[in-house]
Amino acid sequence: MVPWHRLSRRSRLLLLSAVVTLPLIPSSISVTATGASADGATDFYVSVRGDDGGPGTRDRPFKTLERARDAVRGVNGQMNQDVVVHIGDGTYVLDRPLELTAADSGANGHDVIYRALPGRHPVISGGRTITGWTLYDAAKNIYRADAGDLDTRQLYVDGKRATRARTPDNPATFTKTATGFTTSDPAMAAWKNQSGIEIVSRKDWKLLRCPVASITGSDITVREPCWHNANLHTGIGMEQPTWIENAYELIDQPGEWYLDKGAHALYYKPLAGQDPRTVTVVAGKLESLIKGTGTVSAPIHNIRFEGLTFSHSTWLAPNTDEGYADVQAGFHIVGADNPNFDATRDLWAKTPAAVTFENDRDITFKRNVFTQLGAAGLNLDAGTKDAKVKGNRFADISSAGIQLGGISAGDHHPDDPRRVTEDNTLADNVVTNVAAEYADAVGIFVGYTTRTSVTHNKLYDLPYSAISIGWGFGLTDPAGNPSYPGNSGVPIYDTPTTSIGSTIQTNLIYDVMKKLSDGGGIYHLGADPGTVISRNYIHDVGDTGYGPIYLDEGSRYVRVTENALCRLKVRWLLINGGGARHNTAEYNFTDNATTALQGSPNNVVANNTTVSGCDALPASVTGEAGLEPAFRDLDPGQPSADHTAPSAPTGLQASAVLPTVADLSWTPSTDDTGVTGYEIYRDGRLVSAGASSPVRISGLTPGSTYPYTVRARDTAGNLSDESTPVVLTMPGAVNLALGKTATASSEFSSDYTPAKAVDGSMSSRWAQGSGLPDPSWLQVDLGSVKQITAVVTTFEKSNGYKYKIEYSADSGEPANWSTLDDHTSTYTTAQTNYSLSGSAVNARYIRITVTDSSWNGGSVFELAAYGPTS
């Protein structure tokens with residue numbers, strides 16, 4: 001033993017801190033030698049300074065979680081209260097994963113709880129601390145340490161992820177070949193340990209990683225089957241290196257590291273001011289920290305984890321010949337000799353997680369931290385039921401934060417209902433800076449599941465999508481997806497998948513889509529009856545994002561409502577693909593009115609409100625989204641000093657402009673800092689918003705009576721009381737164009753005929769023929785001459801059309817046209833447009849000519865005509 005006086009100051013402090021990290025147990029708890037407390041509950045204690053040979057009491061705690069688990073097994077069959085494993089401060093370094101089975105479950109309606117002692121922050125670690133650093137290359141300031149048998153892809157220095165040695169983005173010219181690349185950099189052929197070098201390619205929504213087999217001259221051969229699998233998706237494969245990674249020769253920036261496994265040596269170039277000899281350096285060693293595995297007949301159940309930190313894992317599969325041939329959202333192709341992309345669909349593997357449960361019931365994670373992990377954070381796999389993941393923090397994770405459910409046939413059409421993943425809750429979690437190495441991964445992934453609740457989460461600073469729900473692209477739904485020839489080889493099912501009835505609500509999402517494209521704030525796939533995406537606040541989506549809400553291929557029966565969206569680079573909504581049908585997007589609020597319905601008939605996009613900016617969005621939505629008050633300490637924002645609400649609006653008046661349209665006006669509210677917007681309620685439901693009075697409300701029913709109230713908001717999101725209500729009865733009228741004969745200059749397909757624009761449904765529309773230039777026209781024959789005072793046109797998109805409305809009273813094919821509305825000089829800025837006549841005109845035919853559609857083509861959801869009302 002080294003004498004005390006010869007220890008360094010830092011070593012003395014470490015020894016002293018080890019002494020003071022003994023758990024402090026409240027003296028009010030009386031514990032016997034067997035761990036049974038006086039109140040009849042069973043408690044065990046664990047300390048980094050404990051002894052597994054002891055009884056696990058307060059005074060003589062266990063040293064390891066494994067020993068505590070075994071002690072719990074001895075009592076859980078006779079449980080009459082919860083069994084609690086109290087865990088003291090310190091880092092519990094695992095030498096193998098903690099394995100839990102049905103034998104470790106709660107019993108008799110009680111739980112087994114692994115809980116941090118009050119005020120303590122124990123760390124469950126799969127890492128190895130690296131010491132013994134010496135200066136290796138003084139000119140380059142590179143240090144070296146003995147790594148022993150370590151194999152890892154992650155290194156953390158003073159609690160922060162270090163960068164594995166790499167080139168800058170888009171290195172010198174590379175040319176793709178049949179077996180890899182040729183390079184213009186002759187130095188690469190001299191690099192050592194070439195089989196450890198990794199090619200990383202970022203393409204659209206993919207992040208691909210393949211290891212190198214060899215470098216000869218200018219020829220780089222990539223290892224198989226990674227190269228083959230990574231290029232199966234034509235045009236979306238490993239087209240060019242985005243960077244090269246993992247060679248000693250690439251250590252040229254502070255904070256970079258490299259592991260030479262053959263020489264058992266770890267190299268690190270410290271950041272400015274760092275000394276590897278005095279900082280804490282931890283490498284991820286274990287690939288899994290906790291594995292909870294049940295069976296369908298004996299599920300693992302009633303276990304809770306509270307106040308723990310899970311850290312320092314790695315994932316080594318990308319080092320193998322298979323590399324990381326990404327498909328989407330953390331799923332990747334495995335296996336050799338795959339003939340084509342479609343043939344791999346049953347071979348798409350999920351990225352593993354540091355903590356995993358399968359075939360489980362009533363598992364709870366509350367107020368834990370998942371950080372410094374080399375794959376995904378938490379994976380709740382097939383057969384997970386009634387799990388609660390609430391109030392946890394997921395940060396600095398290589399892949400996804402949370403994964404729930406899977407994508408295999410056993411997930412979407414399980415042969416045993418006990419394998420259905422259902423009734424799970426993900427709430428009040430913070431997910432940030434995940435997908436740090438696998439940028440294709442998402443913050444929260446939900447596969448084929450039933451009645452999943454994803455609410456009040458805060459997700460930000462992400463390279464790709466925040467929340468991804470559903471799978472299958474319509475291929476696994478009844479009758480498959482006719483847009484894919486042969487259903488892409490997927491069997492045709494005649495029964496629905498397990499995706500049904502989920503709630504994605506009141507989440508706060510921002511600063512996403514920072515690196516990849518073709519994703520969004522909330523991304524959805526496949527048929528999902530009863531699923532609602534509502535009251536989420538999404539802002540600052542990058543220009544590579546396809547929309548804060550993105551219903552991709554096969555999405556069906558999804559309702560999107562009352563979401564608040566702002567600072568968007570592209571659009572607020574994308575419904576994509578011919579299989580995306582029967583979705584509804586109503587009563588949403590955005591400062592970017594742009595939408596896109598790409599080949600997607602039978603969807604309703606109506607009654608959405610465009611506001612002037614984030615401050616004019618409904619505060620009742622933006623203020624509720626994100627963490628609930630009890631969990632805001634997990635990620636506190638800057639509190640506002642303004643707690644004074646505006647005065648309530650007064651003098652509310654409502655008037656009918658048309659039988660389906662009303663204008664509301666009021667006397668402006670006052671506020672100490674300024675009113676930024678108003679919220680309009682109908683029968684207590686939020687239906688519109690605006691920065692000022694008046695506000696126009698459309699989509700009303702002639703002859704119906706509606707009560708309205710208004711509330712004001714200020715910059716801080718304070719809401720006024722409601723105004724005095726006003727009741728409006730709409731005039732009775734008939735849409736004279738409804739069901740009448742319609743013709744057009746062309747039509748896109750049988751799903752987009754002229755008749756679709758006069759059928760009274762906002763789920764169908766007319767669209768002009770594909771690729772045809774402007775202008776296009778749509779004409780309605782009213783059957784006889786009618787008196788007309790207004791024509792209401794609802795276009796497919798919320799802006800970007802120039803048009804004119806004409807009418808004719810001719811008894812036959814019209815030869816003479818008169819103009820009712822000329823809107824050919826400026827583009828529309830709203831989806832629904834009103835052409836009003838100062839007095840009634842006689843018309844049998846009404847024609848709209850779209851002179852400029854901003855390259856989108858003429859497309860009209862509904863053309864309605866009204867006459868005088870009494």
# chains A, B, ... in the order shown; residues from 1 in each chain; ligands from 1

$ closest_atom_pairs --of "stretch 332-417 of chain A" --to "stretch 447-467 of chain A" --cutoff "10 Å" --atoms "only C-alpha atoms" --output "JSON lines"
{"residue": "A:Asp381", "atom": "CA", "partner": "A:Gly447", "partner_atom": "CA", "distance": 9.5}
{"residue": "A:Ala382", "atom": "CA", "partner": "A:Thr449", "partner_atom": "CA", "distance": 8.9}
{"residue": "A:Gly383", "atom": "CA", "partner": "A:Thr449", "partner_atom": "CA", "distance": 9.6}
{"residue": "A:Thr384", "atom": "CA", "partner": "A:Thr449", "partner_atom": "CA", "distance": 9.4}
{"residue": "A:Lys385", "atom": "CA", "partner": "A:Thr450", "partner_atom": "CA", "distance": 9.5}
{"residue": "A:Asp386", "atom": "CA", "partner": "A:Thr452", "partner_atom": "CA", "distance": 9.3}
{"residue": "A:Ala387", "atom": "CA", "partner": "A:Thr452", "partner_atom": "CA", "distance": 9.8}
{"residue": "A:Lys388", "atom": "CA", "partner": "A:Ser453", "partner_atom": "CA", "distance": 9.6}
{"residue": "A:Val389", "atom": "CA", "partner": "A:Val454", "partner_atom": "CA", "distance": 9.7}
{"residue": "A:Lys390", "atom": "CA", "partner": "A:Asn457", "partner_atom": "CA", "distance": 9.0}
{"residue": "A:Gly391", "atom": "CA", "partner": "A:Asn457", "partner_atom": "CA", "distance": 8.5}
{"residue": "A:Asn392", "atom": "CA", "partner": "A:Asn457", "partner_atom": "CA", "distance": 9.6}
{"residue": "A:Arg393", "atom": "CA", "partner": "A:Lys458", "partner_atom": "CA", "distance": 9.6}
{"residue": "A:Phe394", "atom": "CA", "partner": "A:Leu459", "partner_atom": "CA", "distance": 9.5}
{"residue": "A:Ala395", "atom": "CA", "partner": "A:Asp461", "partner_atom": "CA", "distance": 9.9}
{"residue": "A:Ala400", "atom": "CA", "partner": "A:Ala466", "partner_atom": "CA", "distance": 9.6}
{"residue": "A:Gly401", "atom": "CA", "partner": "A:Ala466", "partner_atom": "CA", "distance": 9.8}
{"residue": "A:Ile402", "atom": "CA", "partner": "A:Ile467", "partner_atom": "CA", "distance": 9.6}
{"residue": "A:Gln403", "atom": "CA", "partner": "A:Gly447", "partner_atom": "CA", "distance": 8.0}
{"residue": "A:Leu404", "atom": "CA", "partner": "A:Gly447", "partner_atom": "CA", "distance": 6.3}
{"residue": "A:Gly405", "atom": "CA", "partner": "A:Gly447", "partner_atom": "CA", "distance": 4.9}
{"residue": "A:Gly406", "atom": "CA", "partner": "A:Gly447", "partner_atom": "CA", "distance": 5.0}
{"residue": "A:Ile407", "atom": "CA", "partner": "A:Gly447", "partner_atom": "CA", "distance": 5.8}
{"residue": "A:Ser408", "atom": "CA", "partner": "A:Tyr448", "partner_atom": "CA", "distance": 8.6}
{"residue": "A:Ala409", "atom": "CA", "partner": "A:Tyr448", "partner_atom": "CA", "distance": 9.7}
{"residue": "A:Gly410", "atom": "CA", "partner": "A:Tyr448", "partner_atom": "CA", "distance": 9.6}
{"residue": "A:Asp411", "atom": "CA", "partner": "A:Tyr448", "partner_atom": "CA", "distance": 5.9}
{"residue": "A:His412", "atom": "CA", "partner": "A:Tyr448", "partner_atom": "CA", "distance": 5.6}
{"residue": "A:His413", "atom": "CA", "partner": "A:Tyr448", "partner_atom": "CA", "distance": 9.2}

$ write_last_selection --atoms "C-alpha atoms" --output "tab-separated table (two decimals), in the first residue's frame"
chain	number	residue	atom	x	y	z
A	381	ASP	CA	-40.08	-4.55	-26.63
A	382	ALA	CA	-42.88	-6.83	-27.75
A	383	GLY	CA	-45.37	-7.86	-25.11
A	384	THR	CA	-44.89	-4.72	-23.01
A	385	LYS	CA	-48.15	-3.80	-21.29
A	386	ASP	CA	-49.06	-1.02	-18.86
A	387	ALA	CA	-45.53	0.34	-18.64
A	388	LYS	CA	-45.03	3.87	-17.36
A	389	VAL	CA	-42.00	5.88	-18.41
A	390	LYS	CA	-42.52	9.17	-16.61
A	391	GLY	CA	-40.31	12.08	-15.71
A	392	ASN	CA	-37.00	10.71	-17.02
A	393	ARG	CA	-34.17	12.51	-18.79
A	394	PHE	CA	-32.59	11.07	-21.95
A	395	ALA	CA	-29.49	12.93	-23.15
A	400	ALA	CA	-32.83	6.64	-29.90
A	401	GLY	CA	-33.91	7.83	-26.48
A	402	ILE	CA	-36.97	5.59	-26.04
A	403	GLN	CA	-38.08	2.65	-28.19
A	404	LEU	CA	-41.50	1.08	-27.67
A	405	GLY	CA	-42.65	-1.96	-29.62
A	406	GLY	CA	-41.20	-3.39	-32.80
A	407	ILE	CA	-41.78	-3.75	-36.54
A	408	SER	CA	-41.72	-7.51	-37.18
A	409	ALA	CA	-44.63	-9.74	-38.14
A	410	GLY	CA	-44.77	-10.77	-34.50
A	411	ASP	CA	-45.47	-7.13	-33.65
A	412	HIS	CA	-48.05	-6.23	-36.32
A	413	HIS	CA	-49.83	-9.60	-36.50

$ select_by_dssp --residues "stretch 688-768 of chain A" --states "helix (DSSP H, G or I)" --output "NGL selection string"
:A and (754-758)

$ write_last_selection --atoms "all heavy atoms" --output "mmCIF file, in the first residue's frame"
data_model
loop_
_atom_site.group_PDB
_atom_site.id
_atom_site.type_symbol
_atom_site.label_atom_id
_atom_site.label_comp_id
_atom_site.auth_asym_id
_atom_site.auth_seq_id
_atom_site.Cartn_x
_atom_site.Cartn_y
_atom_site.Cartn_z
ATOM 1 N N PRO A 754 -63.732 16.005 -61.601
ATOM 2 C CA PRO A 754 -64.428 17.269 -61.303
ATOM 3 C C PRO A 754 -65.573 17.102 -60.301
ATOM 4 O O PRO A 754 -65.823 18.003 -59.491
ATOM 5 C CB PRO A 754 -64.923 17.708 -62.678
ATOM 6 C CG PRO A 754 -63.983 17.078 -63.644
ATOM 7 C CD PRO A 754 -63.596 15.773 -63.050
ATOM 8 N N ALA A 755 -66.259 15.959 -60.350
ATOM 9 C CA ALA A 755 -67.380 15.739 -59.439
ATOM 10 C C ALA A 755 -66.950 15.779 -57.979
ATOM 11 O O ALA A 755 -67.757 16.078 -57.088
ATOM 12 C CB ALA A 755 -68.050 14.398 -59.748
ATOM 13 N N LYS A 756 -65.663 15.492 -57.704
ATOM 14 C CA LYS A 756 -65.179 15.491 -56.330
ATOM 15 C C LYS A 756 -65.184 16.898 -55.733
ATOM 16 O O LYS A 756 -65.166 17.050 -54.511
ATOM 17 C CB LYS A 756 -63.757 14.925 -56.262
ATOM 18 C CG LYS A 756 -63.601 13.511 -56.814
ATOM 19 C CD LYS A 756 -64.221 12.478 -55.916
ATOM 20 C CE LYS A 756 -63.880 11.062 -56.401
ATOM 21 N NZ LYS A 756 -64.474 10.020 -55.545
ATOM 22 N N ALA A 757 -65.213 17.921 -56.572
ATOM 23 C CA ALA A 757 -65.179 19.298 -56.082
ATOM 24 C C ALA A 757 -66.557 19.848 -55.759
ATOM 25 O O ALA A 757 -66.668 20.963 -55.252
ATOM 26 C CB ALA A 757 -64.491 20.201 -57.092
ATOM 27 N N VAL A 758 -67.602 19.070 -56.024
ATOM 28 C CA VAL A 758 -68.963 19.531 -55.736
ATOM 29 C C VAL A 758 -69.755 18.452 -54.999
ATOM 30 O O VAL A 758 -70.976 18.407 -55.077
ATOM 31 C CB VAL A 758 -69.691 19.953 -57.027
ATOM 32 C CG1 VAL A 758 -69.087 21.225 -57.607
ATOM 33 C CG2 VAL A 758 -69.690 18.823 -58.059
#

$ select_by_dssp --residues "stretch 554-628 of chain A" --states "strand (DSSP E or B)" --output "ChimeraX atom specification"
/A:556-561,564-568,573-576,581,584-586,589-590,595-598,604-606,609-610

$ closest_atom_pairs --of "stretch 37-92 of chain A" --to "stretch 277-297 of chain A" --cutoff "12 Å" --atoms "only C-alpha atoms" --output "Markdown table"
| residue | atom | partner | partner_atom | distance |
| --- | --- | --- | --- | --- |
| A:Leu65 | CA | A:Ile290 | CA | 10.5 |
| A:Glu66 | CA | A:Ile290 | CA | 10.6 |
| A:Arg69 | CA | A:Ile290 | CA | 11.8 |
| A:Thr91 | CA | A:Val282 | CA | 11.7 |
| A:Tyr92 | CA | A:Leu289 | CA | 10.8 |

$ closest_residue --among "A:Gly521, A:Gly159, A:Gly783, A:Pro168" --to "A:Val541" --atoms "only C-alpha atoms"
A:Gly521

$ residues_around --residues "stretch 613-618 of chain A" --least-positions-apart "5" --cutoff "10 Å" --atoms "only C-alpha atoms" --output "MDAnalysis selection string"
chainID A and resid 535 537 539 562:567 588:592 623 675:680 686 688:692 711:717 719

$ closest_residue --among "A:Leu772, A:Val710, A:Ala593, A:Arg696" --to "A:Gly800" --atoms "only C-alpha atoms"
A:Ala593

$ residues_around --residues "A:Arg202" --least-positions-apart "2" --cutoff "12 Å" --atoms "only C-alpha atoms" --output "PyMOL selection string"
chain A and resi 169-170+199-200+204-210+230+236-244+324-328+437-440+463-464+515-517

$ residues_around --residues "stretch 106-118 of chain A" --least-positions-apart "4" --cutoff "9 Å" --atoms "only C-alpha atoms" --output "number ranges by chain"
A: 23-25, 65, 72, 76-89, 102, 122, 300-308, 362

$ write_last_selection --atoms "N, CA and C atoms" --output "PDB file, in the first residue's frame"
ATOM      1  N   PRO A  23     -24.093   5.596   2.156  1.00  0.00           N
ATOM      2  CA  PRO A  23     -25.468   6.087   2.187  1.00  0.00           C
ATOM      3  C   PRO A  23     -25.883   6.541   3.575  1.00  0.00           C
ATOM      4  N   LEU A  24     -26.550   7.670   3.598  1.00  0.00           N
ATOM      5  CA  LEU A  24     -27.099   8.174   4.853  1.00  0.00           C
ATOM      6  C   LEU A  24     -28.540   7.721   4.958  1.00  0.00           C
ATOM      7  N   ILE A  25     -28.819   6.866   5.909  1.00  0.00           N
ATOM      8  CA  ILE A  25     -30.141   6.274   6.038  1.00  0.00           C
ATOM      9  C   ILE A  25     -30.896   7.008   7.127  1.00  0.00           C
ATOM     10  N   LEU A  65     -25.950  -4.635  -7.030  1.00  0.00           N
ATOM     11  CA  LEU A  65     -27.367  -4.780  -7.360  1.00  0.00           C
ATOM     12  C   LEU A  65     -27.724  -6.250  -7.579  1.00  0.00           C
ATOM     13  N   VAL A  72     -34.052 -10.125  -3.020  1.00  0.00           N
ATOM     14  CA  VAL A  72     -35.470  -9.882  -3.304  1.00  0.00           C
ATOM     15  C   VAL A  72     -36.157 -11.178  -3.702  1.00  0.00           C
ATOM     16  N   ASN A  76     -39.966 -12.122  -2.388  1.00  0.00           N
ATOM     17  CA  ASN A  76     -41.075 -11.545  -3.169  1.00  0.00           C
ATOM     18  C   ASN A  76     -42.269 -12.475  -3.297  1.00  0.00           C
ATOM     19  N   GLY A  77     -42.088 -13.759  -3.086  1.00  0.00           N
ATOM     20  CA  GLY A  77     -43.247 -14.648  -3.141  1.00  0.00           C
ATOM     21  C   GLY A  77     -44.200 -14.468  -1.978  1.00  0.00           C
ATOM     22  N   GLN A  78     -43.718 -13.867  -0.880  1.00  0.00           N
ATOM     23  CA  GLN A  78     -44.553 -13.659   0.303  1.00  0.00           C
ATOM     24  C   GLN A  78     -44.831 -12.175   0.542  1.00  0.00           C
ATOM     25  N   MET A  79     -44.811 -11.386  -0.496  1.00  0.00           N
ATOM     26  CA  MET A  79     -44.950  -9.934  -0.338  1.00  0.00           C
ATOM     27  C   MET A  79     -46.328  -9.560   0.177  1.00  0.00           C
ATOM     28  N   ASN A  80     -46.342  -8.709   1.211  1.00  0.00           N
ATOM     29  CA  ASN A  80     -47.599  -8.062   1.609  1.00  0.00           C
ATOM     30  C   ASN A  80     -47.490  -6.551   1.512  1.00  0.00           C
ATOM     31  N   GLN A  81     -46.311  -6.064   1.121  1.00  0.00           N
ATOM     32  CA  GLN A  81     -46.086  -4.662   0.800  1.00  0.00           C
ATOM     33  C   GLN A  81     -44.994  -4.604  -0.264  1.00  0.00           C
ATOM     34  N   ASP A  82     -44.733  -3.409  -0.781  1.00  0.00           N
ATOM     35  CA  ASP A  82     -43.652  -3.255  -1.745  1.00  0.00           C
ATOM     36  C   ASP A  82     -42.317  -3.648  -1.118  1.00  0.00           C
ATOM     37  N   VAL A  83     -41.457  -4.224  -1.929  1.00  0.00           N
ATOM     38  CA  VAL A  83     -40.077  -4.488  -1.537  1.00  0.00           C
ATOM     39  C   VAL A  83     -39.210  -3.406  -2.169  1.00  0.00           C
ATOM     40  N   VAL A  84     -38.440  -2.694  -1.348  1.00  0.00           N
ATOM     41  CA  VAL A  84     -37.650  -1.563  -1.824  1.00  0.00           C
ATOM     42  C   VAL A  84     -36.169  -1.862  -1.663  1.00  0.00           C
ATOM     43  N   VAL A  85     -35.425  -1.702  -2.767  1.00  0.00           N
ATOM     44  CA  VAL A  85     -33.964  -1.758  -2.730  1.00  0.00           C
ATOM     45  C   VAL A  85     -33.474  -0.319  -2.744  1.00  0.00           C
ATOM     46  N   HIS A  86     -32.966   0.157  -1.600  1.00  0.00           N
ATOM     47  CA  HIS A  86     -32.477   1.520  -1.474  1.00  0.00           C
ATOM     48  C   HIS A  86     -31.024   1.564  -1.944  1.00  0.00           C
ATOM     49  N   ILE A  87     -30.723   2.453  -2.850  1.00  0.00           N
ATOM     50  CA  ILE A  87     -29.391   2.490  -3.457  1.00  0.00           C
ATOM     51  C   ILE A  87     -28.716   3.806  -3.093  1.00  0.00           C
ATOM     52  N   GLY A  88     -27.538   3.718  -2.506  1.00  0.00           N
ATOM     53  CA  GLY A  88     -26.803   4.893  -2.069  1.00  0.00           C
ATOM     54  C   GLY A  88     -26.015   5.538  -3.191  1.00  0.00           C
ATOM     55  N   ASP A  89     -25.364   6.643  -2.854  1.00  0.00           N
ATOM     56  CA  ASP A  89     -24.559   7.382  -3.816  1.00  0.00           C
ATOM     57  C   ASP A  89     -23.403   6.534  -4.322  1.00  0.00           C
ATOM     58  N   ALA A 102     -39.040 -13.283 -14.600  1.00  0.00           N
ATOM     59  CA  ALA A 102     -40.311 -13.309 -13.864  1.00  0.00           C
ATOM     60  C   ALA A 102     -40.086 -13.581 -12.381  1.00  0.00           C
ATOM     61  N   PRO A 122     -27.240   7.716  -7.536  1.00  0.00           N
ATOM     62  CA  PRO A 122     -26.404   6.577  -7.915  1.00  0.00           C
ATOM     63  C   PRO A 122     -26.365   6.370  -9.427  1.00  0.00           C
ATOM     64  N   ILE A 300     -42.450 -10.839 -16.914  1.00  0.00           N
ATOM     65  CA  ILE A 300     -41.826 -10.122 -15.801  1.00  0.00           C
ATOM     66  C   ILE A 300     -42.714  -8.921 -15.485  1.00  0.00           C
ATOM     67  N   HIS A 301     -42.906  -8.625 -14.196  1.00  0.00           N
ATOM     68  CA  HIS A 301     -43.937  -7.627 -13.898  1.00  0.00           C
ATOM     69  C   HIS A 301     -43.688  -6.908 -12.582  1.00  0.00           C
ATOM     70  N   ASN A 302     -44.326  -5.753 -12.474  1.00  0.00           N
ATOM     71  CA  ASN A 302     -44.368  -4.967 -11.226  1.00  0.00           C
ATOM     72  C   ASN A 302     -42.971  -4.693 -10.658  1.00  0.00           C
ATOM     73  N   ILE A 303     -42.162  -4.051 -11.497  1.00  0.00           N
ATOM     74  CA  ILE A 303     -40.842  -3.601 -11.072  1.00  0.00           C
ATOM     75  C   ILE A 303     -40.738  -2.112 -11.382  1.00  0.00           C
ATOM     76  N   ARG A 304     -40.156  -1.369 -10.447  1.00  0.00           N
ATOM     77  CA  ARG A 304     -40.010   0.076 -10.625  1.00  0.00           C
ATOM     78  C   ARG A 304     -38.554   0.483 -10.426  1.00  0.00           C
ATOM     79  N   PHE A 305     -38.130   1.478 -11.230  1.00  0.00           N
ATOM     80  CA  PHE A 305     -36.804   2.069 -11.107  1.00  0.00           C
ATOM     81  C   PHE A 305     -36.986   3.563 -10.901  1.00  0.00           C
ATOM     82  N   GLU A 306     -36.401   4.097  -9.845  1.00  0.00           N
ATOM     83  CA  GLU A 306     -36.633   5.497  -9.494  1.00  0.00           C
ATOM     84  C   GLU A 306     -35.332   6.173  -9.065  1.00  0.00           C
ATOM     85  N   GLY A 307     -35.018   7.289  -9.711  1.00  0.00           N
ATOM     86  CA  GLY A 307     -33.906   8.129  -9.289  1.00  0.00           C
ATOM     87  C   GLY A 307     -32.531   7.614  -9.638  1.00  0.00           C
ATOM     88  N   LEU A 308     -32.426   6.698 -10.598  1.00  0.00           N
ATOM     89  CA  LEU A 308     -31.143   6.107 -10.968  1.00  0.00           C
ATOM     90  C   LEU A 308     -30.604   6.745 -12.253  1.00  0.00           C
ATOM     91  N   ASP A 362     -46.561  -3.799 -16.229  1.00  0.00           N
ATOM     92  CA  ASP A 362     -46.474  -2.851 -15.116  1.00  0.00           C
ATOM     93  C   ASP A 362     -45.025  -2.570 -14.696  1.00  0.00           C
TER      94      ASP A 362
END

$ residues_around --residues "stretch 657-668 of chain A" --least-positions-apart "2" --cutoff "6 Å" --atoms "only C-alpha atoms" --output "count of residues only"
19

$ atom_distance --atom1 "atom CA of A:Lys802" --atom2 "atom CA of A:Ile848"
10.3 Å

$ closest_residue --among "A:Glu586, A:Asp477, A:Asp151, A:Glu628" --to "A:Thr498" --atoms "only C-alpha atoms"
A:Asp477

$ closest_residue --among "A:His643, A:Arg58, A:Arg556, A:Lys740" --to "A:Asp671" --atoms "only C-alpha atoms"
A:His643

$ closest_residue --among "A:Thr497, A:Leu380, A:Phe795, A:Phe748" --to "A:Val605" --atoms "only C-alpha atoms"
A:Phe795

$ residues_around --residues "stretch 831-837 of chain A" --least-positions-apart "5" --cutoff "10 Å" --atoms "only C-alpha atoms" --output "ChimeraX atom specification"
/A:593-595,605-610,657-658,661,698-699,788-801,804-805,820-823,860-867
